[in-house]
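Notes for the one structure printed next.
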Amino acid sequence: MIHRSPRYSDRSILVCQGLCCQTDGSEKLLTAFKSQTPSDTKIIPSGCLGKCEDSPVVLTLPRKISYKRVSLEDVQNICNALF
Ligand code: FES
């Protein structure tokens, strides 16, 4: 079986699932991003992105724009702003 890792040139949204971000609701964010983003965008649950003080954190690729203290209300705006 061939497993293809996400390429950083692809349109992707990393939704941190580290402990701090999970404590602040990142599991619900992950679900929201999966349901609201276009099919050509990969939604990737990530490990800690190193910004726990700003949790929950989302990183968009390929531009490498990070968003801090993301709420469910921010999900659609983040998608619209990037693509
Ligand atoms: S756990 Fe999400 S940035 Fe550290």
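Ligands are numbered from 1 in the order shown, chains are lettered A, B, ... in the order of the structure tokens, and residues start at 1 in each chain.
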If you count only C-alpha atoms and all ligand atoms, which residues end up within 9 Å of ligand 1, as number ranges by chain? A: 15-23, 26, 46-58, 68
Selection near region 75-82 of chain A, 10 Å with only C-alpha atoms, sequence-local residues under 5 positions removed, as an MDAnalysis selection string: chainID A and resid 11 13 29:30 32:33 36:38 41 58 60:63 65 67 70
All alpha helix (DSSP H) positions in chain A, as an NGL selection string: :A and (19-23 or 26-36 or 75-82)
So what do you get for CA of Leu14 (chain A) versus CA of Lys42 (chain A), distance-wise?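 Computing it gives 8.3 Å between the two atoms.
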Considering only C-alpha atoms, can you say which of A:Asp40, A:Pro45, A:Thr31, A:Gly25 comes closest to Arg69 (chain A)? A:Gly25
